[in-house]
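Please read the structure below before turning to the comments.
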Amino acid sequence: MPRPTSDVQAFEAHATDADLDDLRVRLAAARLPEAETVHGAAPGSRRWEQGVPLADLIDVVNYWRTGYDWRSFEERLDRIGQFRTTIDGLGIHFLHRRSARADATPLILTHGWPGSIAEFTDVVEELADPKDADAPAFNVVVPSLPGFGYSDKPATTGWGTEKIAAAWVELMGRLGYSKFVAHGGDWGGNITTVLGGRFPAHVLGIHTTFAEAPPGLTTDGLTAAERQWTEETRDFWHHRAAYAKQQATRPQTIGYSLVDSPVGLLAWILDKFAEWSDTEDSPFETISRDRILDDVTLYWLTRTGASSARLYYESHNSLDPELRVDVPSAITMYPGDVEKSPRTWAQERYRQIVRWRSPETGGHFPSLEVPEHFVKDLQEGLAAVLAASR
């Protein structure tokens, strides 16, 4: 088995007791607004349509302060295996779980915003050493994006998705993986697309839940369901993407609130878990409070509210319209996701789609919402990719 180079150092996550005590004090002293003016009683209305409802927020804040166990999350990270390395002057943190199987394929999983490595902690083990002996096994690498989690915060501009993709190739090479497969959703899907398009000598193939088609395609020939997808995506970007515009244009301004107020950070992130999950109303219909708080607390303790928002400043609407992906691609469009591309559109960019799936359930965070289905879909999609790459 390849061994890490001297450029890779082991890492342990450990927040100070003082930081955890400070978090509880801030939560106890939070100043809250009045309740929202919609309550879900009127036909067609939803309790969350003005944002996170006050009663729900108070419930989560109280649990965060008195019941949530951050130490258990730290222990899960340490059990998987944590490391850091410096690439282009920036410290990159990542999880690395080698499989016990000799036939394992290197796999890099890339998260997005408001996600983190917390999205994948519960699925790494099954991907590395699956219970089904016939399922493919992977040597799993889960990096924290620059400005996220335990990765360093860029001090200059330039760390957009193209540079991140190149850094991932360097990272995998340092681990002894000259060829690998890649998966991602949200920003991770964008980066995975860049990996497949720019680095075919290293990337055997990709799996993504975010297949951004080239601009300017016609709706002629689309099915009624596909037209509905395009209308929903257009509605999202026209009416529900203020967060993206804010982070793309004024990440520093919103960053003060996200780094100074744990309740503000929680509401900013929880709102997206609610709107982007495949639920009727609350994100807690499919994702536990603990799993969401793993993610939010990681942002809080690492003070990455501003630095993570800057990824939008660096890369919003930046995917090269001419970029094409010729390596084998497996694509899954979950029904509750906020941006879904019809296959006829996607194949204009992804030239070798070897597997396409549209599950009946799941949203923007499938590894948290439907983890068992997510793992099986990823295994089967990457098996198809690997078969096509031979």
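Residues are named by chain letter and number: chains run A, B, ... in the order of the structure tokens, numbers start at 1 in each chain, and ligands are numbered from 1 in the order shown.
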Find the residues of range 279-341 of chain A that sit at most 12 Å from range 146-166 of chain A; for each, write down the nearest two atoms and how far apart they are in Å, to one decimal. Count only C-alpha atoms. Sort by chain, then by number going up, and give it as JSON lines.
```
{"residue": "A:Asp294", "atom": "CA", "partner": "A:Gly149", "partner_atom": "CA", "distance": 11.2}
{"residue": "A:Asp295", "atom": "CA", "partner": "A:Gly149", "partner_atom": "CA", "distance": 9.2}
{"residue": "A:Val296", "atom": "CA", "partner": "A:Gly149", "partner_atom": "CA", "distance": 10.2}
{"residue": "A:Thr297", "atom": "CA", "partner": "A:Gly149", "partner_atom": "CA", "distance": 9.8}
{"residue": "A:Leu298", "atom": "CA", "partner": "A:Gly149", "partner_atom": "CA", "distance": 6.1}
{"residue": "A:Tyr299", "atom": "CA", "partner": "A:Gly149", "partner_atom": "CA", "distance": 6.2}
{"residue": "A:Trp300", "atom": "CA", "partner": "A:Gly149", "partner_atom": "CA", "distance": 9.0}
{"residue": "A:Leu301", "atom": "CA", "partner": "A:Gly149", "partner_atom": "CA", "distance": 8.4}
{"residue": "A:Thr302", "atom": "CA", "partner": "A:Gly149", "partner_atom": "CA", "distance": 5.8}
{"residue": "A:Arg303", "atom": "CA", "partner": "A:Gly149", "partner_atom": "CA", "distance": 8.3}
{"residue": "A:Thr304", "atom": "CA", "partner": "A:Phe148", "partner_atom": "CA", "distance": 5.8}
{"residue": "A:Gly305", "atom": "CA", "partner": "A:Phe148", "partner_atom": "CA", "distance": 8.3}
{"residue": "A:Ala306", "atom": "CA", "partner": "A:Gly147", "partner_atom": "CA", "distance": 8.3}
{"residue": "A:Ser307", "atom": "CA", "partner": "A:Gly147", "partner_atom": "CA", "distance": 4.7}
{"residue": "A:Ser308", "atom": "CA", "partner": "A:Gly147", "partner_atom": "CA", "distance": 5.0}
{"residue": "A:Ala309", "atom": "CA", "partner": "A:Gly147", "partner_atom": "CA", "distance": 8.4}
{"residue": "A:Arg310", "atom": "CA", "partner": "A:Gly147", "partner_atom": "CA", "distance": 8.0}
{"residue": "A:Leu311", "atom": "CA", "partner": "A:Gly160", "partner_atom": "CA", "distance": 6.4}
{"residue": "A:Tyr312", "atom": "CA", "partner": "A:Gly160", "partner_atom": "CA", "distance": 8.5}
{"residue": "A:Tyr313", "atom": "CA", "partner": "A:Gly160", "partner_atom": "CA", "distance": 8.6}
{"residue": "A:Glu314", "atom": "CA", "partner": "A:Gly160", "partner_atom": "CA", "distance": 5.0}
{"residue": "A:Ser315", "atom": "CA", "partner": "A:Gly160", "partner_atom": "CA", "distance": 5.3}
{"residue": "A:His316", "atom": "CA", "partner": "A:Gly160", "partner_atom": "CA", "distance": 9.0}
{"residue": "A:Asn317", "atom": "CA", "partner": "A:Thr161", "partner_atom": "CA", "distance": 10.7}
{"residue": "A:Ser318", "atom": "CA", "partner": "A:Thr161", "partner_atom": "CA", "distance": 8.3}
{"residue": "A:Leu319", "atom": "CA", "partner": "A:Thr161", "partner_atom": "CA", "distance": 8.2}
{"residue": "A:Asp320", "atom": "CA", "partner": "A:Glu162", "partner_atom": "CA", "distance": 9.5}
{"residue": "A:Leu323", "atom": "CA", "partner": "A:Glu162", "partner_atom": "CA", "distance": 11.3}
```
So that I have them on file, write out the residues from the current selection with N, CA and C atoms, as a PDB file, in the first residue's frame.
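Writing the result to again-v1.pdb gives the following:
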```
ATOM      1  N   ASP A 294     -23.439  18.955  14.173  1.00  0.00           N
ATOM      2  CA  ASP A 294     -22.048  18.619  13.852  1.00  0.00           C
ATOM      3  C   ASP A 294     -21.504  19.627  12.845  1.00  0.00           C
ATOM      4  N   ASP A 295     -22.287  19.863  11.816  1.00  0.00           N
ATOM      5  CA  ASP A 295     -21.877  20.764  10.734  1.00  0.00           C
ATOM      6  C   ASP A 295     -21.773  22.203  11.224  1.00  0.00           C
ATOM      7  N   VAL A 296     -22.810  22.683  11.910  1.00  0.00           N
ATOM      8  CA  VAL A 296     -22.830  24.084  12.350  1.00  0.00           C
ATOM      9  C   VAL A 296     -21.732  24.343  13.379  1.00  0.00           C
ATOM     10  N   THR A 297     -21.528  23.406  14.296  1.00  0.00           N
ATOM     11  CA  THR A 297     -20.512  23.613  15.328  1.00  0.00           C
ATOM     12  C   THR A 297     -19.113  23.625  14.729  1.00  0.00           C
ATOM     13  N   LEU A 298     -18.905  22.838  13.687  1.00  0.00           N
ATOM     14  CA  LEU A 298     -17.614  22.857  13.005  1.00  0.00           C
ATOM     15  C   LEU A 298     -17.355  24.244  12.419  1.00  0.00           C
ATOM     16  N   TYR A 299     -18.361  24.828  11.787  1.00  0.00           N
ATOM     17  CA  TYR A 299     -18.210  26.196  11.281  1.00  0.00           C
ATOM     18  C   TYR A 299     -17.922  27.163  12.432  1.00  0.00           C
ATOM     19  N   TRP A 300     -18.644  26.996  13.551  1.00  0.00           N
ATOM     20  CA  TRP A 300     -18.495  27.934  14.662  1.00  0.00           C
ATOM     21  C   TRP A 300     -17.099  27.861  15.274  1.00  0.00           C
ATOM     22  N   LEU A 301     -16.662  26.671  15.629  1.00  0.00           N
ATOM     23  CA  LEU A 301     -15.395  26.527  16.345  1.00  0.00           C
ATOM     24  C   LEU A 301     -14.194  26.913  15.484  1.00  0.00           C
ATOM     25  N   THR A 302     -14.302  26.729  14.183  1.00  0.00           N
ATOM     26  CA  THR A 302     -13.195  27.082  13.287  1.00  0.00           C
ATOM     27  C   THR A 302     -13.309  28.508  12.752  1.00  0.00           C
ATOM     28  N   ARG A 303     -14.382  29.209  13.136  1.00  0.00           N
ATOM     29  CA  ARG A 303     -14.597  30.612  12.743  1.00  0.00           C
ATOM     30  C   ARG A 303     -14.508  30.790  11.229  1.00  0.00           C
ATOM     31  N   THR A 304     -15.218  29.939  10.518  1.00  0.00           N
ATOM     32  CA  THR A 304     -15.108  29.927   9.060  1.00  0.00           C
ATOM     33  C   THR A 304     -16.362  30.466   8.353  1.00  0.00           C
ATOM     34  N   GLY A 305     -17.205  31.190   9.074  1.00  0.00           N
ATOM     35  CA  GLY A 305     -18.388  31.756   8.431  1.00  0.00           C
ATOM     36  C   GLY A 305     -18.049  32.691   7.286  1.00  0.00           C
ATOM     37  N   ALA A 306     -17.072  33.553   7.474  1.00  0.00           N
ATOM     38  CA  ALA A 306     -16.677  34.499   6.420  1.00  0.00           C
ATOM     39  C   ALA A 306     -15.835  33.820   5.354  1.00  0.00           C
ATOM     40  N   SER A 307     -14.844  33.048   5.773  1.00  0.00           N
ATOM     41  CA  SER A 307     -13.913  32.443   4.807  1.00  0.00           C
ATOM     42  C   SER A 307     -14.617  31.443   3.898  1.00  0.00           C
ATOM     43  N   SER A 308     -15.605  30.713   4.423  1.00  0.00           N
ATOM     44  CA  SER A 308     -16.343  29.781   3.562  1.00  0.00           C
ATOM     45  C   SER A 308     -17.240  30.528   2.584  1.00  0.00           C
ATOM     46  N   ALA A 309     -17.810  31.641   3.025  1.00  0.00           N
ATOM     47  CA  ALA A 309     -18.666  32.435   2.137  1.00  0.00           C
ATOM     48  C   ALA A 309     -17.883  32.977   0.948  1.00  0.00           C
ATOM     49  N   ARG A 310     -16.585  33.194   1.127  1.00  0.00           N
ATOM     50  CA  ARG A 310     -15.780  33.764   0.044  1.00  0.00           C
ATOM     51  C   ARG A 310     -15.646  32.836  -1.153  1.00  0.00           C
ATOM     52  N   LEU A 311     -15.962  31.549  -0.991  1.00  0.00           N
ATOM     53  CA  LEU A 311     -15.931  30.673  -2.155  1.00  0.00           C
ATOM     54  C   LEU A 311     -16.915  31.166  -3.214  1.00  0.00           C
ATOM     55  N   TYR A 312     -18.024  31.761  -2.771  1.00  0.00           N
ATOM     56  CA  TYR A 312     -18.980  32.330  -3.728  1.00  0.00           C
ATOM     57  C   TYR A 312     -18.366  33.534  -4.437  1.00  0.00           C
ATOM     58  N   TYR A 313     -17.638  34.364  -3.718  1.00  0.00           N
ATOM     59  CA  TYR A 313     -16.951  35.505  -4.328  1.00  0.00           C
ATOM     60  C   TYR A 313     -15.964  35.027  -5.380  1.00  0.00           C
ATOM     61  N   GLU A 314     -15.279  33.932  -5.090  1.00  0.00           N
ATOM     62  CA  GLU A 314     -14.262  33.407  -6.001  1.00  0.00           C
ATOM     63  C   GLU A 314     -14.862  32.719  -7.224  1.00  0.00           C
ATOM     64  N   SER A 315     -15.994  32.049  -7.055  1.00  0.00           N
ATOM     65  CA  SER A 315     -16.392  31.090  -8.089  1.00  0.00           C
ATOM     66  C   SER A 315     -17.849  31.135  -8.525  1.00  0.00           C
ATOM     67  N   HIS A 316     -18.657  32.056  -8.009  1.00  0.00           N
ATOM     68  CA  HIS A 316     -20.069  32.080  -8.388  1.00  0.00           C
ATOM     69  C   HIS A 316     -20.201  32.294  -9.898  1.00  0.00           C
ATOM     70  N   ASN A 317     -20.927  31.394 -10.558  1.00  0.00           N
ATOM     71  CA  ASN A 317     -21.142  31.452 -12.011  1.00  0.00           C
ATOM     72  C   ASN A 317     -19.833  31.393 -12.802  1.00  0.00           C
ATOM     73  N   SER A 318     -18.842  30.687 -12.267  1.00  0.00           N
ATOM     74  CA  SER A 318     -17.525  30.702 -12.905  1.00  0.00           C
ATOM     75  C   SER A 318     -17.202  29.440 -13.703  1.00  0.00           C
ATOM     76  N   LEU A 319     -18.074  28.429 -13.685  1.00  0.00           N
ATOM     77  CA  LEU A 319     -17.756  27.203 -14.412  1.00  0.00           C
ATOM     78  C   LEU A 319     -17.624  27.512 -15.904  1.00  0.00           C
ATOM     79  N   ASP A 320     -16.490  27.165 -16.467  1.00  0.00           N
ATOM     80  CA  ASP A 320     -16.189  27.460 -17.859  1.00  0.00           C
ATOM     81  C   ASP A 320     -17.274  26.878 -18.764  1.00  0.00           C
ATOM     82  N   LEU A 323     -16.086  24.018 -20.901  1.00  0.00           N
ATOM     83  CA  LEU A 323     -15.520  22.815 -20.292  1.00  0.00           C
ATOM     84  C   LEU A 323     -16.368  21.597 -20.622  1.00  0.00           C
TER      85      LEU A 323
END
```
Exercise. If you run DSSP on this backbone, which residues of range 6-154 of chain A come out as alpha helix (DSSP H), and could you give them as an MDAnalysis selection string?
Worked result: chainID A and resid 17:28 54:66 70:80 124:128
Would you mind exporting N, CA and C atoms of the selected residues as a short mmCIF file (atom, residue, chain, number, x, y, z; two decimals), in the first residue's frame?
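Output below, filename part_27.cif:
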```
data_model
loop_
_atom_site.label_atom_id
_atom_site.label_comp_id
_atom_site.auth_asym_id
_atom_site.auth_seq_id
_atom_site.Cartn_x
_atom_site.Cartn_y
_atom_site.Cartn_z
N ASP A 17 -11.93 23.49 26.10
CA ASP A 17 -13.11 23.61 26.97
C ASP A 17 -13.57 25.06 27.03
N ALA A 18 -12.63 25.99 26.96
CA ALA A 18 -12.98 27.41 27.00
C ALA A 18 -13.85 27.80 25.81
N ASP A 19 -13.52 27.27 24.62
CA ASP A 19 -14.32 27.58 23.43
C ASP A 19 -15.72 27.00 23.55
N LEU A 20 -15.84 25.80 24.07
CA LEU A 20 -17.15 25.17 24.23
C LEU A 20 -17.97 25.90 25.30
N ASP A 21 -17.31 26.32 26.37
CA ASP A 21 -18.01 27.09 27.40
C ASP A 21 -18.48 28.43 26.85
N ASP A 22 -17.64 29.08 26.05
CA ASP A 22 -18.00 30.35 25.44
C ASP A 22 -19.21 30.20 24.54
N LEU A 23 -19.25 29.10 23.78
CA LEU A 23 -20.40 28.84 22.91
C LEU A 23 -21.68 28.76 23.73
N ARG A 24 -21.65 28.03 24.84
CA ARG A 24 -22.85 27.88 25.67
C ARG A 24 -23.28 29.21 26.28
N VAL A 25 -22.31 30.02 26.68
CA VAL A 25 -22.63 31.33 27.23
C VAL A 25 -23.30 32.20 26.17
N ARG A 26 -22.77 32.20 24.97
CA ARG A 26 -23.36 33.00 23.89
C ARG A 26 -24.77 32.52 23.54
N LEU A 27 -24.96 31.22 23.54
CA LEU A 27 -26.29 30.68 23.25
C LEU A 27 -27.29 31.10 24.33
N ALA A 28 -26.86 31.07 25.58
CA ALA A 28 -27.75 31.45 26.68
C ALA A 28 -28.10 32.93 26.65
N LEU A 54 -39.25 30.84 14.87
CA LEU A 54 -38.69 31.13 16.18
C LEU A 54 -38.75 29.92 17.10
N ALA A 55 -39.89 29.24 17.15
CA ALA A 55 -40.03 28.11 18.07
C ALA A 55 -39.05 27.00 17.73
N ASP A 56 -38.86 26.74 16.46
CA ASP A 56 -37.92 25.70 16.05
C ASP A 56 -36.49 26.09 16.40
N LEU A 57 -36.17 27.38 16.19
CA LEU A 57 -34.82 27.83 16.50
C LEU A 57 -34.54 27.72 18.00
N ILE A 58 -35.49 28.14 18.82
CA ILE A 58 -35.31 28.06 20.27
C ILE A 58 -35.08 26.62 20.70
N ASP A 59 -35.83 25.70 20.10
CA ASP A 59 -35.68 24.28 20.44
C ASP A 59 -34.26 23.79 20.12
N VAL A 60 -33.75 24.15 18.94
CA VAL A 60 -32.41 23.70 18.55
C VAL A 60 -31.35 24.39 19.39
N VAL A 61 -31.52 25.66 19.67
CA VAL A 61 -30.55 26.39 20.49
C VAL A 61 -30.46 25.77 21.88
N ASN A 62 -31.60 25.46 22.46
CA ASN A 62 -31.59 24.85 23.80
C ASN A 62 -30.89 23.49 23.78
N TYR A 63 -31.15 22.71 22.75
CA TYR A 63 -30.49 21.41 22.64
C TYR A 63 -29.00 21.58 22.41
N TRP A 64 -28.63 22.53 21.57
CA TRP A 64 -27.21 22.80 21.30
C TRP A 64 -26.48 23.16 22.60
N ARG A 65 -27.14 23.92 23.45
CA ARG A 65 -26.52 24.39 24.68
C ARG A 65 -26.45 23.31 25.76
N THR A 66 -27.49 22.44 25.83
CA THR A 66 -27.57 21.53 26.98
C THR A 66 -27.45 20.05 26.63
N TRP A 70 -20.33 17.65 21.28
CA TRP A 70 -19.31 17.88 20.26
C TRP A 70 -18.18 16.87 20.35
N ARG A 71 -17.84 16.42 21.54
CA ARG A 71 -16.72 15.51 21.70
C ARG A 71 -16.94 14.20 20.94
N SER A 72 -18.19 13.77 20.84
CA SER A 72 -18.44 12.52 20.11
C SER A 72 -18.14 12.69 18.63
N PHE A 73 -18.37 13.90 18.09
CA PHE A 73 -18.05 14.16 16.70
C PHE A 73 -16.54 14.18 16.50
N GLU A 74 -15.82 14.82 17.41
CA GLU A 74 -14.37 14.80 17.33
C GLU A 74 -13.83 13.37 17.32
N GLU A 75 -14.41 12.53 18.16
CA GLU A 75 -13.96 11.14 18.23
C GLU A 75 -14.23 10.41 16.92
N ARG A 76 -15.36 10.69 16.27
CA ARG A 76 -15.66 10.06 14.98
C ARG A 76 -14.64 10.48 13.93
N LEU A 77 -14.28 11.75 13.92
CA LEU A 77 -13.27 12.22 12.96
C LEU A 77 -11.94 11.51 13.20
N ASP A 78 -11.56 11.40 14.46
CA ASP A 78 -10.27 10.78 14.78
C ASP A 78 -10.26 9.30 14.42
N ARG A 79 -11.41 8.64 14.58
CA ARG A 79 -11.47 7.21 14.22
C ARG A 79 -11.30 7.01 12.72
N ILE A 80 -11.84 7.91 11.92
CA ILE A 80 -11.67 7.81 10.47
C ILE A 80 -10.21 8.03 10.10
N VAL A 124 -18.34 6.93 5.29
CA VAL A 124 -16.97 6.57 4.92
C VAL A 124 -16.69 5.10 5.17
N GLU A 125 -17.10 4.59 6.32
CA GLU A 125 -16.78 3.20 6.68
C GLU A 125 -17.36 2.22 5.67
N GLU A 126 -18.61 2.41 5.29
CA GLU A 126 -19.25 1.49 4.35
C GLU A 126 -18.64 1.60 2.96
N LEU A 127 -18.17 2.78 2.59
CA LEU A 127 -17.51 2.94 1.30
C LEU A 127 -16.14 2.27 1.30
N ALA A 128 -15.44 2.33 2.43
CA ALA A 128 -14.10 1.75 2.51
C ALA A 128 -14.15 0.23 2.64
#
```
Problem set entry | Phe199 in chain A surroundings by only C-alpha atoms, 12 Å radius, close-in-sequence under 6 positions cut, as a list in words |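 Result of the neighbour search: Glu162, Ala165, Ala166, Ala167, Trp168, Val169, Glu170, Ser178, Lys179, Phe180, Val181, Ala182, Ile191, Thr192, Thr193, Gly205, Ile206, Leu323, Arg324, Val325, Asp326 and Val327 of chain A.
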Could you save the residues just selected, with N, CA, C and O atoms, as an mmCIF file, in the first residue's frame?
```
data_model
loop_
_atom_site.group_PDB
_atom_site.id
_atom_site.type_symbol
_atom_site.label_atom_id
_atom_site.label_comp_id
_atom_site.auth_asym_id
_atom_site.auth_seq_id
_atom_site.Cartn_x
_atom_site.Cartn_y
_atom_site.Cartn_z
ATOM 1 N N GLU A 162 -11.311 26.058 -9.839
ATOM 2 C CA GLU A 162 -10.264 25.526 -10.717
ATOM 3 C C GLU A 162 -8.990 25.231 -9.919
ATOM 4 O O GLU A 162 -8.373 24.178 -10.068
ATOM 5 N N ALA A 165 -9.532 22.203 -7.592
ATOM 6 C CA ALA A 165 -9.453 20.926 -8.309
ATOM 7 C C ALA A 165 -7.997 20.531 -8.540
ATOM 8 O O ALA A 165 -7.618 19.366 -8.352
ATOM 9 N N ALA A 166 -7.167 21.484 -8.936
ATOM 10 C CA ALA A 166 -5.746 21.182 -9.135
ATOM 11 C C ALA A 166 -5.096 20.769 -7.825
ATOM 12 O O ALA A 166 -4.241 19.865 -7.792
ATOM 13 N N ALA A 167 -5.501 21.406 -6.725
ATOM 14 C CA ALA A 167 -4.963 21.037 -5.415
ATOM 15 C C ALA A 167 -5.367 19.623 -5.034
ATOM 16 O O ALA A 167 -4.590 18.889 -4.412
ATOM 17 N N TRP A 168 -6.567 19.219 -5.409
ATOM 18 C CA TRP A 168 -7.022 17.851 -5.091
ATOM 19 C C TRP A 168 -6.177 16.811 -5.845
ATOM 20 O O TRP A 168 -5.888 15.746 -5.310
ATOM 21 N N VAL A 169 -5.796 17.108 -7.064
ATOM 22 C CA VAL A 169 -4.923 16.194 -7.811
ATOM 23 C C VAL A 169 -3.580 16.066 -7.095
ATOM 24 O O VAL A 169 -3.031 14.965 -6.941
ATOM 25 N N GLU A 170 -3.050 17.192 -6.639
ATOM 26 C CA GLU A 170 -1.796 17.171 -5.895
ATOM 27 C C GLU A 170 -1.958 16.391 -4.592
ATOM 28 O O GLU A 170 -1.087 15.587 -4.227
ATOM 29 N N SER A 178 -2.251 8.151 -8.026
ATOM 30 C CA SER A 178 -2.075 8.882 -9.277
ATOM 31 C C SER A 178 -3.326 8.853 -10.134
ATOM 32 O O SER A 178 -3.534 9.720 -10.985
ATOM 33 N N LYS A 179 -4.186 7.854 -9.916
ATOM 34 C CA LYS A 179 -5.464 7.755 -10.613
ATOM 35 C C LYS A 179 -6.547 7.494 -9.579
ATOM 36 O O LYS A 179 -6.354 6.694 -8.658
ATOM 37 N N PHE A 180 -7.694 8.133 -9.774
ATOM 38 C CA PHE A 180 -8.743 8.027 -8.763
ATOM 39 C C PHE A 180 -10.094 8.384 -9.370
ATOM 40 O O PHE A 180 -10.173 8.887 -10.507
ATOM 41 N N VAL A 181 -11.158 8.113 -8.617
ATOM 42 C CA VAL A 181 -12.497 8.553 -8.991
ATOM 43 C C VAL A 181 -12.914 9.662 -8.026
ATOM 44 O O VAL A 181 -12.314 9.840 -6.958
ATOM 45 N N ALA A 182 -13.935 10.419 -8.409
ATOM 46 C CA ALA A 182 -14.316 11.592 -7.622
ATOM 47 C C ALA A 182 -15.828 11.705 -7.544
ATOM 48 O O ALA A 182 -16.550 11.370 -8.492
ATOM 49 N N ILE A 191 -16.544 21.258 -8.462
ATOM 50 C CA ILE A 191 -15.124 20.893 -8.428
ATOM 51 C C ILE A 191 -14.903 19.522 -9.057
ATOM 52 O O ILE A 191 -13.916 19.312 -9.781
ATOM 53 N N THR A 192 -15.814 18.594 -8.818
ATOM 54 C CA THR A 192 -15.702 17.261 -9.419
ATOM 55 C C THR A 192 -15.798 17.345 -10.935
ATOM 56 O O THR A 192 -15.094 16.629 -11.665
ATOM 57 N N THR A 193 -16.657 18.233 -11.436
ATOM 58 C CA THR A 193 -16.754 18.443 -12.879
ATOM 59 C C THR A 193 -15.433 18.976 -13.438
ATOM 60 O O THR A 193 -14.957 18.520 -14.483
ATOM 61 N N GLY A 205 -12.974 8.651 -13.557
ATOM 62 C CA GLY A 205 -14.369 8.961 -13.820
ATOM 63 C C GLY A 205 -14.970 9.650 -12.613
ATOM 64 O O GLY A 205 -14.332 9.767 -11.556
ATOM 65 N N ILE A 206 -16.204 10.119 -12.756
ATOM 66 C CA ILE A 206 -16.822 10.899 -11.687
ATOM 67 C C ILE A 206 -18.248 10.441 -11.415
ATOM 68 O O ILE A 206 -18.909 9.836 -12.259
ATOM 69 N N LEU A 323 -16.086 24.018 -20.901
ATOM 70 C CA LEU A 323 -15.520 22.815 -20.292
ATOM 71 C C LEU A 323 -16.368 21.597 -20.622
ATOM 72 O O LEU A 323 -17.594 21.616 -20.475
ATOM 73 N N ARG A 324 -15.714 20.533 -21.077
ATOM 74 C CA ARG A 324 -16.399 19.273 -21.364
ATOM 75 C C ARG A 324 -15.722 18.160 -20.584
ATOM 76 O O ARG A 324 -14.509 18.163 -20.371
ATOM 77 N N VAL A 325 -16.534 17.201 -20.149
ATOM 78 C CA VAL A 325 -16.043 16.070 -19.367
ATOM 79 C C VAL A 325 -16.161 14.821 -20.229
ATOM 80 O O VAL A 325 -17.274 14.380 -20.547
ATOM 81 N N ASP A 326 -15.035 14.267 -20.603
ATOM 82 C CA ASP A 326 -15.032 13.093 -21.471
ATOM 83 C C ASP A 326 -14.798 11.790 -20.715
ATOM 84 O O ASP A 326 -14.951 10.714 -21.286
ATOM 85 N N VAL A 327 -14.414 11.864 -19.434
ATOM 86 C CA VAL A 327 -14.262 10.629 -18.659
ATOM 87 C C VAL A 327 -15.648 10.093 -18.323
ATOM 88 O O VAL A 327 -16.637 10.836 -18.331
#
```
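Distances to Arg47 in chain A were evaluated for A:Phe120, A:Arg351, A:Gly255, A:Ser282 using only C-alpha atoms, and the minimum falls at A:Ser282.
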Seminar exercise, completed: Nearest to Val140 in chain A, restricted to only C-alpha atoms and choosing among A:Lys245, A:Arg98, A:Arg291, A:Lys272, comes out as A:Arg98
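Taking CA of Gly216 in chain A and CA of Trp276 in chain A as endpoints, the distance between them is 25.1 Å.
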Problem set entry | Of the listed residues A:Thr253, A:Arg343, A:Val142, A:Tyr177, that which approaches Gly221 in chain A most closely, counting only C-alpha atoms |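 Among the listed residues, the smallest separation from Gly221 in chain A belongs to A:Arg343.
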Range 372-386 of chain A surroundings by only C-alpha atoms, 8 Å radius, close-in-sequence under 6 positions cut, as a PDB file with C-alpha atoms, in the first residue's frame:
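Heads up, here's the output in around-v6.pdb:
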```
ATOM      1  CA  VAL A 123     -20.765   6.839   5.092  1.00  0.00           C
ATOM      2  CA  GLU A 126     -19.245   1.487   4.348  1.00  0.00           C
ATOM      3  CA  LEU A 127     -17.509   2.935   1.295  1.00  0.00           C
ATOM      4  CA  ALA A 135     -19.692  -4.053  -3.712  1.00  0.00           C
ATOM      5  CA  PRO A 136     -16.689  -1.966  -4.768  1.00  0.00           C
ATOM      6  CA  VAL A 181     -12.497   8.553  -8.991  1.00  0.00           C
ATOM      7  CA  LEU A 204     -10.833   7.642 -13.980  1.00  0.00           C
ATOM      8  CA  GLY A 205     -14.369   8.961 -13.820  1.00  0.00           C
ATOM      9  CA  ILE A 206     -16.822  10.899 -11.687  1.00  0.00           C
ATOM     10  CA  HIS A 207     -20.111  10.638  -9.830  1.00  0.00           C
ATOM     11  CA  PRO A 328     -17.078   8.228 -17.685  1.00  0.00           C
ATOM     12  CA  SER A 329     -19.697   9.986 -15.570  1.00  0.00           C
ATOM     13  CA  ALA A 330     -22.477   8.737 -13.301  1.00  0.00           C
ATOM     14  CA  ILE A 331     -25.091  11.357 -12.452  1.00  0.00           C
ATOM     15  CA  VAL A 354     -22.640   5.700 -18.175  1.00  0.00           C
ATOM     16  CA  ARG A 355     -25.344   5.806 -15.506  1.00  0.00           C
ATOM     17  CA  PRO A 366     -28.419  12.819   0.357  1.00  0.00           C
TER      18      PRO A 366
END
```
For this session: Looking only at strand (DSSP E or B) from DSSP on the backbone, list the matching residues of range 106-236 of chain A as an MDAnalysis selection string.
Result: chainID A and resid 106:110 138:143 180:184 203:208
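Across the structure, CA of His93 in chain A and CA of Phe11 in chain A are spaced 8.2 Å apart.
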Exercise. For Gln247 in chain A, which residue among A:Pro114, A:Ala29, A:Ser341, A:Ser358 is the nearest when counting only C-alpha atoms?
Worked result: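 Between A:Pro114, A:Ala29, A:Ser341, A:Ser358, the residue approaching Gln247 in chain A most closely is A:Pro114.
Taking only C-alpha atoms into account, Ile108 in chain A lies nearest to A:Thr208 out of the set A:Gln228, A:Thr208, A:Thr286, A:Thr218.
If you look at CA of Gln352 in chain A and CA of Gly197 in chain A, they are 11.5 Å away from each other.
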Problem set entry | Top pick for closest residue to Pro33 in chain A, considering A:Arg349, A:His202, A:Val263, A:Ala211 and counting only C-alpha atoms | A:Val263
Problem set entry | Exercise: Phe210 in chain A partners within 10 Å, only C-alpha atoms, chain neighbours under 6 positions left out, as a list in words |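 Surrounding residues, per the criterion: His183, Gly184, Gly185, Asp186, Trp187, Gly188, Gly189, Asn190, Thr192, Thr193, Ile331, Thr332, Met333, Tyr334, Asp337, Val338, Glu339, Lys340, Ser341, Ala346 and His364 of chain A.
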